[in-house]
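One structure is given here, and the rest of the page talks about it.
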Amino acid sequence: MTTRHTVAVLGGGSFGTVIGNIIANNGHSVRLWLRNDGLAATINSSRENSVYLPGYHLSDRLYATTSLRESVADADIVFVAVPGKSFREVVQQLPRMISGDSQVISLTKGIEPGGFRLMSQILREELPDNPLGVLSGPNLASEIALGHVSASVIASESPSVTRCIHDLLHCEAFLIYASDDMYGVELGGALKNVYAILAGVGAALGFGENTQGMLLTRALAEMSRFAVCLGANPLTFLGLSGVGDLFVTCSSPLSRNYQVGLALGKGRPLEDILATMDQVAEGINTLGLLKREADSRGVPMPLVDGLHAILYEHREVEDVLTSIMHREQAQDVEFVIR
Ligand SMILES: NC(=O)C1=CN([C@@H]2O[C@H](COP(=O)(O)OP(=O)(O)OC[C@H]3O[C@@H](n4cnc5c(N)ncnc54)[C@H](O)[C@@H]3O)[C@@H](O)[C@H]2O)C=CC1
Ligand SMILES: O=C(CO)COP(=O)(O)O
C-alpha cells in the first residue's frame, strides 16, 4: 500500500506552490506556508495562487496557512522554497517545531549572503539530526504548472530520502531522478542563474547561436571547475541539474535571471530592473558571492569576472566578452576519464 505523507512546503512563491500541488495531486496532504494572510485565504477559497501562478488549479489536499507552526505540525517531510537570503531565518525556527525524523529538502537555488554557504550546509548546521536533501533540475515553475513534462533530481546522502522523495513527487508529467552528490546538484542550480543573466545580455545584443553555444559550454566548464573545489563530482554537471538546468535557464525568456540579463543588455540600469521585479532572481546575489569565493580559492572563472565587470565596473559588454574569451584556458574538456 502507498504511504500517505503529511508534507509542509515553506514558501508560497511559484516554485513552492507548484511542488506542493504535485505532491497533493499524488494523494498526500500538503500545507503551504506563506506570509500573506490575504493570499493564504484566497488560495484556500479559490484554489488558485493568483499572485504567482494565476490560472493554475490547486488540489483540495493543499491547504495554505500563515502559521509556520501549523504548517509543519506532524509533517514527516518539509520542503523549503524561500530565497537563499531568507533560508536560514526560516529553517532556524524548525528545531522547536519538527521531529528529528522529519526529512527536510531544499528547493532553493541560491547562496547565503555573507559567506558562501549552500542550502544543504545551512540545513546540516541548523538541523544536524534530520535526514536532508536538495531537489534541483530544469524546472521553470510556470511550465510545470502548464503540465509540460519536466524532470528533477533529488540528491541526498541517504538512499531512503531519495527513494521517499522519488515516490512522493514522481508522476507522469514530473519525473524524478536520484543522485548522492548534494553539492554538485545544488551548485548546478545556483550557479546557472549567473550564466542565465549573461545569456540574456547576449540575446539582447543579438549574439549568434555559435556565440551563445560557446558561452553555455564554457559556463558548464567554469561551474564544474568551481564545484569540484567544494567537493562536488564534475560528472554531476552532465545531468539534469547541471547541463539540463543551464540549457533551460540560459535559453528561456520565462527565466527571471535571463529576463534580468535581457533588460541589462537593452541598457536598463540594474537598480531599475530589480526595483520592478516582484519575483526572486537569485543570480544577482550569487554573482558577487561567487566572484569573491572563486577569487579567494584561486579558481579561474572568466565569465563570472566578465559579468561582474559589466554590472559593477561599468565596462562595455562587447569589450568584456571579447577579452574574457581570449583569456580562457585552452583546454576544452577538463575532466576526462581515460
Ligand atoms: N520559479 C522557478 O521556476 C523555480 C525556482 N526555484 C528556486 O526556488 C526558490 C524560490 O523561488 P520562487 O518560488 O520562484 O520565488 P518567488 O519569488 O516566486 O517566491 C518566493 C517566495 O518566498 C517568500 N519569502 C521571501 N522571503 C521570505 C521570508 N523571509 N520568509 C518567508 N517567506 C519568504 C516570498 O514572499 C515568496 O512567496 C528560489 O531559490 C528559486 O531559485 C527553483 C526551481 C524553479
Ligand atoms: O531555476 C529555474 C529553472 O530551472 C528558474 O529560473 P529563474 O529563477 O531564472 O526563473
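Letters A, B, ... go to the chains of the C-alpha cells in the order shown; residues in each chain start at 1; ligands are counted from 1 in the same order.
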
Contacts of range 105-147 of chain A with range 71-81 of chain A up to 8 Å, shortest pair per row, only C-alpha atoms, as a tab-separated table:
residue	atom	partner	partner_atom	distance
A:Ile105	CA	A:Phe79	CA	4.7
A:Ser106	CA	A:Val80	CA	5.0
A:Leu107	CA	A:Ala81	CA	5.0
A:Thr108	CA	A:Ala81	CA	5.3

Which residues are close to Arg256 in chain A, i.e. within 9 Å by only C-alpha atoms, leaving aside same-chain residues fewer than 2 positions away? Reply as a CSV table (one decimal) with C-alpha atoms, in the first residue's frame.
chain,number,residue,atom,x,y,z
A,193,ASN,CA,21.5,31.6,-12.6
A,196,ALA,CA,21.5,32.9,-17.5
A,197,ILE,CA,21.9,36.6,-16.8
A,249,THR,CA,17.6,28.8,-17.9
A,253,PRO,CA,12.5,34.1,-21.6
A,254,LEU,CA,10.5,32.6,-18.7
A,258,TYR,CA,17.5,35.6,-18.2
A,259,GLN,CA,15.0,38.4,-18.1
A,260,VAL,CA,17.3,40.5,-15.9
A,261,GLY,CA,20.1,39.9,-18.5
A,277,MET,CA,10.7,42.7,-10.2
A,279,GLN,CA,9.9,37.6,-8.0
A,280,VAL,CA,13.4,36.5,-7.0
A,281,ALA,CA,16.3,36.4,-9.5
A,282,GLU,CA,18.9,34.6,-7.4

Range 85-96 of chain A environment, 7 Å, only C-alpha atoms, sequence neighbours closer than 4 positions dropped, as JSON, numbers by chain: {"A": [112, 113, 122, 126, 127]}

Within 7 Å of range 232-240 of chain A using only C-alpha atoms, minus same-chain residues under 3 positions, as a compact mmCIF listing (two decimals) with N, CA and C atoms, in the first residue's frame:
# COMPACT_ATOMS: atom_id res chain seq x y z
N GLY A 137 16.75 20.95 -10.77
CA GLY A 137 16.70 20.47 -12.16
C GLY A 137 16.14 21.55 -13.06
N PRO A 138 15.97 21.23 -14.33
CA PRO A 138 15.41 22.21 -15.28
C PRO A 138 13.91 22.35 -15.05
N SER A 152 13.40 16.32 -12.50
CA SER A 152 14.22 16.94 -11.47
C SER A 152 15.07 15.88 -10.78
N VAL A 153 16.04 16.34 -9.99
CA VAL A 153 16.95 15.41 -9.31
C VAL A 153 16.81 15.58 -7.80
N ASP A 181 25.15 13.23 -4.87
CA ASP A 181 26.07 14.37 -4.87
C ASP A 181 25.29 15.67 -4.58
N TYR A 183 26.20 18.55 -3.16
CA TYR A 183 26.85 19.81 -3.52
C TYR A 183 26.81 20.02 -5.04
N GLY A 184 27.06 18.95 -5.78
CA GLY A 184 27.04 19.08 -7.24
C GLY A 184 25.67 19.49 -7.73
N VAL A 185 24.63 18.85 -7.21
CA VAL A 185 23.27 19.14 -7.67
C VAL A 185 22.86 20.56 -7.29
N GLY A 188 24.83 23.24 -9.29
CA GLY A 188 24.31 23.36 -10.66
C GLY A 188 23.14 24.34 -10.68
N SER A 224 31.63 23.65 -13.26
CA SER A 224 32.09 22.37 -12.70
C SER A 224 33.49 22.52 -12.10
N ALA A 227 32.85 23.90 -8.71
CA ALA A 227 32.16 22.96 -7.82
C ALA A 227 33.08 21.87 -7.31
N VAL A 228 34.03 21.44 -8.15
CA VAL A 228 34.98 20.41 -7.74
C VAL A 228 35.79 20.88 -6.53
N VAL A 243 23.89 20.46 -16.86
CA VAL A 243 23.67 20.96 -18.22
C VAL A 243 22.18 21.15 -18.52
N GLY A 244 21.32 20.30 -17.94
CA GLY A 244 19.87 20.42 -18.19
C GLY A 244 19.33 21.77 -17.76
N ASP A 245 19.65 22.14 -16.53
CA ASP A 245 19.13 23.40 -15.99
C ASP A 245 19.83 24.61 -16.63

Could you give me, as a compact mmCIF listing (two decimals) with C-alpha atoms, in the first residue's frame, each residue of range 61-217 of chain A that DSSP assigns to strand (DSSP E) when run on this structure's backbone?
# COMPACT_ATOMS: atom_id res chain seq x y z
CA LEU A 62 -3.30 21.61 -0.42
CA TYR A 63 -4.06 23.98 2.44
CA ALA A 64 -2.38 27.39 2.81
CA THR A 65 -1.52 28.87 6.20
CA ILE A 77 8.60 15.84 5.10
CA VAL A 78 9.35 19.58 4.93
CA PHE A 79 10.34 21.38 1.71
CA VAL A 80 11.92 24.84 1.88
CA GLN A 103 13.06 14.89 6.22
CA VAL A 104 13.96 18.44 5.18
CA ILE A 105 14.51 19.15 1.49
CA SER A 106 15.77 22.39 -0.08
CA LEU A 132 18.09 16.05 4.39
CA GLY A 133 18.29 16.52 0.65
CA VAL A 134 18.09 19.01 -2.21
CA LEU A 135 15.87 18.97 -5.28
CA SER A 136 17.10 20.72 -8.41
CA SER A 150 9.67 18.03 -16.65
CA ALA A 151 12.29 16.20 -14.63
CA SER A 152 14.22 16.94 -11.47
CA VAL A 153 16.95 15.41 -9.31
CA ILE A 154 16.67 14.53 -5.65
CA ALA A 155 20.13 14.47 -4.10
CA PHE A 174 7.17 15.21 -13.31
CA LEU A 175 9.95 12.64 -13.37
CA ILE A 176 12.38 12.24 -10.52
CA TYR A 177 15.98 11.05 -10.82
CA ALA A 178 18.39 10.39 -7.94
CA SER A 179 21.91 11.48 -7.02

Compare A:Gly283, A:Gly27, A:Gly147, A:Pro159 by their minimum atom-to-atom distance to ligand 1, counting only C-alpha atoms and all ligand atoms, and give me the closest one.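 Using only C-alpha atoms and all ligand atoms, ligand 1 sits closest to A:Gly283.
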
Sel. of helix (DSSP H, G or I) residues, range 192-267 of chain A, as a PyMOL selection string: chain A and resi 192-204+209-229+234-238+240-251+256-265

Pull C-alpha atoms from the residues just selected and write them as a short mmCIF file (atom, residue, chain, number, x, y, z; two decimals), in the first residue's frame.
data_model
loop_
_atom_site.label_atom_id
_atom_site.label_comp_id
_atom_site.auth_asym_id
_atom_site.auth_seq_id
_atom_site.Cartn_x
_atom_site.Cartn_y
_atom_site.Cartn_z
CA LYS A 192 23.48 28.54 -13.67
CA ASN A 193 21.48 31.62 -12.62
CA VAL A 194 24.60 33.75 -13.10
CA TYR A 195 25.16 32.43 -16.63
CA ALA A 196 21.47 32.89 -17.46
CA ILE A 197 21.94 36.62 -16.82
CA LEU A 198 24.90 36.61 -19.21
CA ALA A 199 22.91 34.67 -21.83
CA GLY A 200 20.11 37.25 -21.55
CA VAL A 201 22.61 40.05 -22.13
CA GLY A 202 23.91 38.19 -25.18
CA ALA A 203 20.39 37.67 -26.55
CA ALA A 204 19.64 41.39 -26.21
CA GLU A 209 23.89 30.81 -31.96
CA ASN A 210 27.60 29.92 -32.21
CA THR A 211 28.43 32.55 -29.63
CA GLN A 212 25.60 31.51 -27.31
CA GLY A 213 26.63 27.83 -27.67
CA MET A 214 30.20 28.74 -26.82
CA LEU A 215 29.15 30.76 -23.76
CA LEU A 216 26.95 27.97 -22.49
CA THR A 217 29.62 25.31 -22.90
CA ARG A 218 32.32 27.42 -21.28
CA ALA A 219 29.87 28.21 -18.47
CA LEU A 220 29.50 24.48 -17.84
CA ALA A 221 33.29 24.08 -17.73
CA GLU A 222 33.59 27.02 -15.34
CA MET A 223 30.86 25.95 -12.95
CA SER A 224 32.09 22.37 -12.70
CA ARG A 225 35.66 23.64 -12.16
CA PHE A 226 34.41 25.69 -9.21
CA ALA A 227 32.16 22.96 -7.82
CA VAL A 228 34.98 20.41 -7.74
CA CYS A 229 36.84 22.71 -5.33
CA PRO A 234 32.24 17.08 -12.05
CA LEU A 235 30.21 14.35 -13.77
CA THR A 236 27.09 15.56 -11.93
CA PHE A 237 27.19 18.54 -14.30
CA LEU A 238 26.39 16.25 -17.22
CA LEU A 240 19.64 17.33 -15.37
CA SER A 241 20.71 19.59 -12.54
CA GLY A 242 23.83 20.66 -14.46
CA VAL A 243 23.67 20.96 -18.22
CA GLY A 244 19.87 20.42 -18.19
CA ASP A 245 19.13 23.40 -15.99
CA LEU A 246 21.87 25.53 -17.57
CA PHE A 247 20.40 24.97 -21.02
CA VAL A 248 16.82 25.77 -19.96
CA THR A 249 17.62 28.83 -17.92
CA CYS A 250 20.07 30.27 -20.46
CA SER A 251 17.57 29.99 -23.29
CA ARG A 256 13.72 35.59 -14.23
CA ASN A 257 17.53 35.60 -14.37
CA TYR A 258 17.51 35.57 -18.17
CA GLN A 259 14.95 38.42 -18.07
CA VAL A 260 17.34 40.46 -15.90
CA GLY A 261 20.08 39.89 -18.49
CA LEU A 262 17.80 40.83 -21.39
CA ALA A 263 16.88 44.10 -19.69
CA LEU A 264 20.53 44.84 -18.87
CA GLY A 265 21.51 44.17 -22.48
#

Hey, which of A:Leu290, A:Ile98, A:Ile19, A:Ala173 ends up closest to ligand 1? Count only C-alpha atoms and all ligand atoms.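 Among A:Leu290, A:Ile98, A:Ile19, A:Ala173, it is A:Ile19 that comes nearest to ligand 1.
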
Nearest to ligand 1: which of A:Arg124, A:Lys109, A:Arg4, A:Arg31 is it, counting only C-alpha atoms and all ligand atoms?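 Among the listed residues, the smallest separation from ligand 1 belongs to A:Lys109.
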
Neighbouring residues of range 34-47 of chain A were defined as those with any atom within 8 Å, considering only C-alpha atoms; residues of the same chain fewer than 3 positions away were excluded. Please report them as a list in words.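 Counting only the stated atoms, we get Leu10, Gly11, Gly12, Ser50, Val51, His57, Leu58, Ser59, Asp60, Tyr63, Ala64, Thr65, Thr66 and Ser67 of chain A.
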
What is the distance between CA of Gln121 in chain A and CA of Leu307 in chain A, in Å to one decimal?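 Separation between CA of Gln121 in chain A and CA of Leu307 in chain A: 26.7 Å.
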
If you measure from CA of Ser29 in chain A to CA of His5 in chain A, what distance in Å do you get, rounded to one decimal?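 CA of His5 in chain A lies at a distance of 6.4 Å from CA of Ser29 in chain A.
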
Restricting the calculation to only C-alpha atoms and all ligand atoms: of A:Ile273, A:Val161, A:Met301, A:Leu191, which residue gets closest to ligand 2?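 For ligand 2, the nearest of the given residues is A:Leu191.
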